[in-house]
Amino acid sequence: MKETVKLIITLTLFCIIAGFLLAWVNVKTKKPIELAQKNEMIEAFNKILPSYDNDIISDAVMVSYAGKEWKFFVGKKNGEITGTAFISESLQGYGGKITVACGISVKDKTIYGVDILQAKETPGLGAKIKEKKFLTQFTGKTANESAWAKIRKDQGEIDAITGATISSRAVSEAIRAGLEAFINCSDKITTVISTNLTNNHGESP
Amino acid sequence: MKFWRQLLNGLWNEIPVFRVVLGLCPTIAVTTSVENAIGMGLAATFVLTCSNTVVSFLRNVIPDRVRIPCYIVIAATFVTITDLVMNAYAHELHKALGIFIPLIVVNCIILGRAEAFAGKNSVWLSIADGMGMGIGFTMALIVIATFREILGNGTVTLWSKAGLQWQIYQWNPALLAILAPGGFLSLGILLGIMNLIQAKIARGKGKTFKPPMMYGCRFCTTCIIKDK
């Protein structure tokens, strides 16, 4: 009995100390982790949006479409909106979730650029979705409709990577879902953006 | 002196993966590029050294009957710290290694060294053992990853973000090598080569070489330490 109590106390003490240590490290690393994730997003936005000079992470518009919350990041240059970007994901990748970022040029409503944020596809096959040759296919396509954002096998306009139909399809699907949200909510996005703009002007005379 | 001997022990005589055939799951999973191998190896080295130190320091406090849960709690704490710190300061690498960082907890090498060495030896020697085993593990991972990356992708990547990546050849690489089956094949081939080298060295010294199989008990190091 006495020994059992001793065992329980020892193990409990171990866990308590470990718990406190982890809590402390968690507090210490929370900010750097957020910063790293933010930098990662900004790095992607720099690639897929026309040049902007605002704090793009905080200038975002939330809209809900098809049961999902979509966040549209808005890029502005000299106070004028140049582009908007969304982050979308597909669970249909060969190695699980694929997260893509897609930038839309607001001026002519075309896709400005697409980048893969996160993917665990097979190296040498599915991982080729990260290559320029595949991603530049999306550039310049219209953002007014979404039916083209499918691979050719599914009557779309995207050439799938040889041997990686599933990965290519997942990327197209993620982009199509985001585009649909953009098309259906573009009115709302633009009104929110314009009200935001007037607010900003009011705040900084 | 004893410190260095214990450290070198992990680098050659009992090098993880090749001699102590432990930690194979992360080995096969992360050795698709040299960069991943180095990251995983260093993370494991850190966890191994820390857990060995703490286990050895507390070896008289930990009751024998709950020693395994205690070891696991210690290892898990350091793994989570590594996980968080890596996520904060080496975000790219953390993303590439993914699930395998948390899985260091169940890496047999960590628990194996705690049970077989740190739980019975002084703190100083346990640090040497942890560092030696960790560096040995890193070396083994780098060897396998170099082999697989050159064969399967035609490149050697030390640190892709800093541009430390070299194209070895241009023509079609043997993709199989970086897929999972290639991992098993590469590991088998390299294990064979390692046995051959060690047998040659042993014969050169006029000793007979015992391949790992002949030790029985799946080459568990615990008994070897006892026998000595």
# chains A, B, ... in the order shown; residues from 1 in each chain; ligands from 1

call {"tool": "residues_around", "arguments": {"residues": "Asp154 (chain A)", "least_positions_apart": "5", "cutoff": "12 Å", "atoms": "only C-alpha atoms", "output": "CSV table (one decimal) with all heavy atoms, in the first residue's frame"}}
result
chain,number,residue,atom,x,y,z
A,147,ALA,N,-15.4,27.2,-64.1
A,147,ALA,CA,-15.5,25.9,-64.7
A,147,ALA,C,-14.2,25.4,-65.3
A,147,ALA,O,-14.0,24.2,-65.4
A,147,ALA,CB,-16.6,25.9,-65.7
A,148,TRP,N,-13.3,26.3,-65.7
A,148,TRP,CA,-12.1,25.9,-66.3
A,148,TRP,C,-11.1,25.2,-65.3
A,148,TRP,O,-10.2,24.5,-65.7
A,148,TRP,CB,-11.4,27.1,-66.9
A,148,TRP,CG,-11.1,28.2,-65.9
A,148,TRP,CD1,-12.0,29.2,-65.6
A,148,TRP,CD2,-10.0,28.3,-65.1
A,148,TRP,NE1,-11.4,30.0,-64.7
A,148,TRP,CE2,-10.2,29.4,-64.3
A,148,TRP,CE3,-8.8,27.5,-64.9
A,148,TRP,CZ2,-9.3,29.8,-63.3
A,148,TRP,CZ3,-7.9,27.9,-64.0
A,148,TRP,CH2,-8.1,29.1,-63.2
A,149,ALA,N,-11.3,25.5,-64.0
A,149,ALA,CA,-10.3,25.0,-63.0
A,149,ALA,C,-10.5,23.5,-62.7
A,149,ALA,O,-10.9,23.1,-61.6
A,149,ALA,CB,-10.4,25.9,-61.8
A,159,ASP,N,-3.7,21.1,-67.5
A,159,ASP,CA,-2.9,19.9,-67.9
A,159,ASP,C,-2.4,19.2,-66.6
A,159,ASP,O,-1.7,19.8,-65.9
A,159,ASP,CB,-1.7,20.2,-68.8
A,159,ASP,CG,-2.2,20.6,-70.2
A,159,ASP,OD1,-3.1,19.9,-70.7
A,159,ASP,OD2,-1.6,21.5,-70.7
A,160,ALA,N,-2.9,18.0,-66.4
A,160,ALA,CA,-2.4,17.3,-65.2
A,160,ALA,C,-1.0,16.8,-65.4
A,160,ALA,O,-0.5,16.7,-66.5
A,160,ALA,CB,-3.3,16.1,-64.9
A,165,THR,N,-2.3,12.5,-61.5
A,165,THR,CA,-3.6,13.0,-61.8
A,165,THR,C,-4.3,13.4,-60.5
A,165,THR,O,-5.0,14.5,-60.4
A,165,THR,CB,-4.4,11.9,-62.5
A,165,THR,OG1,-3.7,11.4,-63.5
A,165,THR,CG2,-5.7,12.5,-63.0
A,166,ILE,N,-4.2,12.6,-59.4
A,166,ILE,CA,-4.9,12.9,-58.2
A,166,ILE,C,-4.4,14.2,-57.6
A,166,ILE,O,-5.2,15.0,-57.2
A,166,ILE,CB,-4.7,11.7,-57.2
A,166,ILE,CG1,-5.4,10.5,-57.8
A,166,ILE,CG2,-5.2,12.1,-55.8
A,166,ILE,CD1,-5.3,9.2,-57.0
A,168,SER,N,-2.9,16.7,-59.1
A,168,SER,CA,-3.3,17.8,-60.0
A,168,SER,C,-4.8,18.2,-59.8
A,168,SER,O,-5.2,19.3,-59.7
A,168,SER,CB,-3.1,17.5,-61.4
A,168,SER,OG,-1.8,16.9,-61.6
A,169,ARG,N,-5.6,17.1,-59.7
A,169,ARG,CA,-7.0,17.3,-59.5
A,169,ARG,C,-7.3,18.0,-58.2
A,169,ARG,O,-8.1,18.9,-58.1
A,169,ARG,CB,-7.7,16.0,-59.6
A,169,ARG,CG,-9.2,16.1,-59.5
A,169,ARG,CD,-9.9,14.7,-59.6
A,169,ARG,NE,-9.9,14.2,-60.9
A,169,ARG,CZ,-9.9,12.9,-61.2
A,169,ARG,NH1,-9.7,12.0,-60.3
A,169,ARG,NH2,-9.9,12.4,-62.5
A,170,ALA,N,-6.6,17.6,-57.2
A,170,ALA,CA,-6.8,18.2,-55.8
A,170,ALA,C,-6.5,19.7,-55.9
A,170,ALA,O,-7.2,20.5,-55.3
A,170,ALA,CB,-6.0,17.5,-54.8
A,172,SER,N,-6.5,21.7,-58.5
A,172,SER,CA,-7.6,22.4,-59.3
A,172,SER,C,-8.8,22.6,-58.5
A,172,SER,O,-9.5,23.6,-58.5
A,172,SER,CB,-7.9,21.7,-60.6
A,172,SER,OG,-6.7,21.2,-61.2
A,173,GLU,N,-9.2,21.6,-57.8
A,173,GLU,CA,-10.4,21.6,-57.0
A,173,GLU,C,-10.3,22.6,-55.9
A,173,GLU,O,-11.3,23.4,-55.7
A,173,GLU,CB,-10.5,20.2,-56.3
A,173,GLU,CG,-11.9,19.8,-55.9
A,173,GLU,CD,-11.9,18.4,-55.3
A,173,GLU,OE1,-11.6,18.3,-54.1
A,173,GLU,OE2,-12.0,17.5,-56.1

call {"tool": "closest_atom_pairs", "arguments": {"of": "chain B", "to": "chain A", "cutoff": "7 Å", "atoms": "only C-alpha atoms", "output": "tab-separated table"}}
result
residue	atom	partner	partner_atom	distance
B:Pro63	CA	A:Leu7	CA	6.7
B:Val66	CA	A:Leu7	CA	6.8
B:Cys70	CA	A:Leu11	CA	6.6
B:Val73	CA	A:Cys15	CA	6.9
B:Thr77	CA	A:Ala18	CA	6.0
B:Ile81	CA	A:Val25	CA	6.5
B:Leu84	CA	A:Thr29	CA	6.5
B:Val85	CA	A:Thr29	CA	6.4
B:Asn87	CA	A:Ile33	CA	6.0
B:Ala88	CA	A:Ile33	CA	4.1
B:His91	CA	A:Ala36	CA	6.4
B:Leu175	CA	A:Gly124	CA	6.5

call {"tool": "closest_residue", "arguments": {"among": "B:Val47, B:Leu191, B:Val106, B:Arg67", "to": "Met131 (chain B)", "atoms": "only C-alpha atoms"}}
result
B:Val47

call {"tool": "select_by_dssp", "arguments": {"residues": "region 40-225 of chain B", "states": "helix (DSSP H, G or I)", "output": "ChimeraX atom specification"}}
result
/B:40-57,64-89,91-100,102-106,108-118,123-153,160-162,175-178,180-204,212-215,217-219,221-225

call {"tool": "decode", "arguments": {"residues": "region 63-90 of chain A", "atoms": "N, CA, C and O atoms", "output": "PDB file, in the first residue's frame"}}
result
ATOM      1  N   VAL A  63     -15.811  36.259 -45.613  1.00  0.00           N
ATOM      2  CA  VAL A  63     -17.134  36.004 -46.170  1.00  0.00           C
ATOM      3  C   VAL A  63     -17.443  34.534 -45.934  1.00  0.00           C
ATOM      4  O   VAL A  63     -16.535  33.713 -45.806  1.00  0.00           O
ATOM      5  N   SER A  64     -18.722  34.208 -45.854  1.00  0.00           N
ATOM      6  CA  SER A  64     -19.043  32.788 -45.737  1.00  0.00           C
ATOM      7  C   SER A  64     -19.771  32.369 -47.000  1.00  0.00           C
ATOM      8  O   SER A  64     -20.651  33.067 -47.514  1.00  0.00           O
ATOM      9  N   TYR A  65     -19.320  31.232 -47.521  1.00  0.00           N
ATOM     10  CA  TYR A  65     -19.933  30.718 -48.739  1.00  0.00           C
ATOM     11  C   TYR A  65     -19.896  29.201 -48.684  1.00  0.00           C
ATOM     12  O   TYR A  65     -18.880  28.612 -48.305  1.00  0.00           O
ATOM     13  N   ALA A  66     -20.993  28.562 -49.065  1.00  0.00           N
ATOM     14  CA  ALA A  66     -21.110  27.105 -49.098  1.00  0.00           C
ATOM     15  C   ALA A  66     -20.679  26.475 -47.767  1.00  0.00           C
ATOM     16  O   ALA A  66     -19.945  25.497 -47.730  1.00  0.00           O
ATOM     17  N   GLY A  67     -21.147  27.086 -46.672  1.00  0.00           N
ATOM     18  CA  GLY A  67     -20.893  26.492 -45.363  1.00  0.00           C
ATOM     19  C   GLY A  67     -19.469  26.623 -44.876  1.00  0.00           C
ATOM     20  O   GLY A  67     -19.057  25.940 -43.953  1.00  0.00           O
ATOM     21  N   LYS A  68     -18.700  27.467 -45.523  1.00  0.00           N
ATOM     22  CA  LYS A  68     -17.302  27.622 -45.138  1.00  0.00           C
ATOM     23  C   LYS A  68     -16.993  29.100 -44.965  1.00  0.00           C
ATOM     24  O   LYS A  68     -17.594  29.947 -45.607  1.00  0.00           O
ATOM     25  N   GLU A  69     -16.054  29.395 -44.086  1.00  0.00           N
ATOM     26  CA  GLU A  69     -15.605  30.769 -43.924  1.00  0.00           C
ATOM     27  C   GLU A  69     -14.416  31.002 -44.851  1.00  0.00           C
ATOM     28  O   GLU A  69     -13.449  30.240 -44.836  1.00  0.00           O
ATOM     29  N   TRP A  70     -14.503  31.998 -45.668  1.00  0.00           N
ATOM     30  CA  TRP A  70     -13.389  32.308 -46.559  1.00  0.00           C
ATOM     31  C   TRP A  70     -12.778  33.635 -46.165  1.00  0.00           C
ATOM     32  O   TRP A  70     -13.483  34.596 -45.879  1.00  0.00           O
ATOM     33  N   LYS A  71     -11.463  33.667 -46.178  1.00  0.00           N
ATOM     34  CA  LYS A  71     -10.768  34.893 -45.833  1.00  0.00           C
ATOM     35  C   LYS A  71     -10.106  35.426 -47.099  1.00  0.00           C
ATOM     36  O   LYS A  71      -9.309  34.720 -47.717  1.00  0.00           O
ATOM     37  N   PHE A  72     -10.509  36.611 -47.509  1.00  0.00           N
ATOM     38  CA  PHE A  72      -9.881  37.208 -48.692  1.00  0.00           C
ATOM     39  C   PHE A  72      -8.920  38.307 -48.249  1.00  0.00           C
ATOM     40  O   PHE A  72      -9.327  39.294 -47.640  1.00  0.00           O
ATOM     41  N   PHE A  73      -7.638  38.081 -48.542  1.00  0.00           N
ATOM     42  CA  PHE A  73      -6.619  39.064 -48.166  1.00  0.00           C
ATOM     43  C   PHE A  73      -6.534  40.098 -49.278  1.00  0.00           C
ATOM     44  O   PHE A  73      -6.529  39.744 -50.457  1.00  0.00           O
ATOM     45  N   VAL A  74      -6.500  41.357 -48.888  1.00  0.00           N
ATOM     46  CA  VAL A  74      -6.574  42.418 -49.881  1.00  0.00           C
ATOM     47  C   VAL A  74      -5.247  43.171 -49.962  1.00  0.00           C
ATOM     48  O   VAL A  74      -4.743  43.668 -48.964  1.00  0.00           O
ATOM     49  N   GLY A  75      -4.704  43.211 -51.160  1.00  0.00           N
ATOM     50  CA  GLY A  75      -3.463  43.946 -51.369  1.00  0.00           C
ATOM     51  C   GLY A  75      -3.736  45.310 -51.958  1.00  0.00           C
ATOM     52  O   GLY A  75      -4.506  45.439 -52.908  1.00  0.00           O
ATOM     53  N   LYS A  76      -3.145  46.342 -51.384  1.00  0.00           N
ATOM     54  CA  LYS A  76      -3.371  47.708 -51.881  1.00  0.00           C
ATOM     55  C   LYS A  76      -2.035  48.367 -52.168  1.00  0.00           C
ATOM     56  O   LYS A  76      -1.058  48.125 -51.457  1.00  0.00           O
ATOM     57  N   LYS A  77      -2.039  49.176 -53.197  1.00  0.00           N
ATOM     58  CA  LYS A  77      -0.853  49.988 -53.483  1.00  0.00           C
ATOM     59  C   LYS A  77      -1.274  51.441 -53.541  1.00  0.00           C
ATOM     60  O   LYS A  77      -2.197  51.785 -54.283  1.00  0.00           O
ATOM     61  N   ASN A  78      -0.663  52.294 -52.742  1.00  0.00           N
ATOM     62  CA  ASN A  78      -1.023  53.710 -52.634  1.00  0.00           C
ATOM     63  C   ASN A  78      -2.527  53.877 -52.369  1.00  0.00           C
ATOM     64  O   ASN A  78      -3.183  54.726 -52.956  1.00  0.00           O
ATOM     65  N   GLY A  79      -3.094  53.007 -51.540  1.00  0.00           N
ATOM     66  CA  GLY A  79      -4.495  53.101 -51.178  1.00  0.00           C
ATOM     67  C   GLY A  79      -5.453  52.489 -52.179  1.00  0.00           C
ATOM     68  O   GLY A  79      -6.647  52.395 -51.935  1.00  0.00           O
ATOM     69  N   GLU A  80      -4.933  52.070 -53.327  1.00  0.00           N
ATOM     70  CA  GLU A  80      -5.806  51.507 -54.344  1.00  0.00           C
ATOM     71  C   GLU A  80      -5.693  49.982 -54.323  1.00  0.00           C
ATOM     72  O   GLU A  80      -4.599  49.436 -54.201  1.00  0.00           O
ATOM     73  N   ILE A  81      -6.827  49.307 -54.466  1.00  0.00           N
ATOM     74  CA  ILE A  81      -6.799  47.846 -54.406  1.00  0.00           C
ATOM     75  C   ILE A  81      -6.174  47.289 -55.680  1.00  0.00           C
ATOM     76  O   ILE A  81      -6.591  47.623 -56.780  1.00  0.00           O
ATOM     77  N   THR A  82      -5.174  46.460 -55.524  1.00  0.00           N
ATOM     78  CA  THR A  82      -4.549  45.858 -56.705  1.00  0.00           C
ATOM     79  C   THR A  82      -4.920  44.389 -56.841  1.00  0.00           C
ATOM     80  O   THR A  82      -5.056  43.874 -57.937  1.00  0.00           O
ATOM     81  N   GLY A  83      -5.069  43.711 -55.723  1.00  0.00           N
ATOM     82  CA  GLY A  83      -5.369  42.287 -55.832  1.00  0.00           C
ATOM     83  C   GLY A  83      -5.933  41.729 -54.553  1.00  0.00           C
ATOM     84  O   GLY A  83      -5.887  42.357 -53.500  1.00  0.00           O
ATOM     85  N   THR A  84      -6.494  40.548 -54.677  1.00  0.00           N
ATOM     86  CA  THR A  84      -6.977  39.859 -53.482  1.00  0.00           C
ATOM     87  C   THR A  84      -6.555  38.393 -53.567  1.00  0.00           C
ATOM     88  O   THR A  84      -6.435  37.837 -54.660  1.00  0.00           O
ATOM     89  N   ALA A  85      -6.295  37.808 -52.423  1.00  0.00           N
ATOM     90  CA  ALA A  85      -5.811  36.429 -52.417  1.00  0.00           C
ATOM     91  C   ALA A  85      -6.620  35.603 -51.436  1.00  0.00           C
ATOM     92  O   ALA A  85      -7.104  36.122 -50.427  1.00  0.00           O
ATOM     93  N   PHE A  86      -6.803  34.345 -51.759  1.00  0.00           N
ATOM     94  CA  PHE A  86      -7.459  33.450 -50.800  1.00  0.00           C
ATOM     95  C   PHE A  86      -6.605  32.211 -50.587  1.00  0.00           C
ATOM     96  O   PHE A  86      -5.740  31.888 -51.401  1.00  0.00           O
ATOM     97  N   ILE A  87      -6.847  31.568 -49.457  1.00  0.00           N
ATOM     98  CA  ILE A  87      -6.159  30.310 -49.164  1.00  0.00           C
ATOM     99  C   ILE A  87      -7.213  29.231 -49.127  1.00  0.00           C
ATOM    100  O   ILE A  87      -8.247  29.378 -48.475  1.00  0.00           O
ATOM    101  N   SER A  88      -6.975  28.188 -49.872  1.00  0.00           N
ATOM    102  CA  SER A  88      -7.976  27.136 -49.981  1.00  0.00           C
ATOM    103  C   SER A  88      -7.289  25.792 -49.803  1.00  0.00           C
ATOM    104  O   SER A  88      -6.087  25.672 -50.012  1.00  0.00           O
ATOM    105  N   GLU A  89      -8.069  24.792 -49.423  1.00  0.00           N
ATOM    106  CA  GLU A  89      -7.433  23.490 -49.258  1.00  0.00           C
ATOM    107  C   GLU A  89      -8.299  22.379 -49.833  1.00  0.00           C
ATOM    108  O   GLU A  89      -9.514  22.526 -49.986  1.00  0.00           O
ATOM    109  N   SER A  90      -7.637  21.289 -50.172  1.00  0.00           N
ATOM    110  CA  SER A  90      -8.348  20.114 -50.638  1.00  0.00           C
ATOM    111  C   SER A  90      -7.855  18.928 -49.839  1.00  0.00           C
ATOM    112  O   SER A  90      -6.660  18.802 -49.558  1.00  0.00           O
TER     113      SER A  90
END
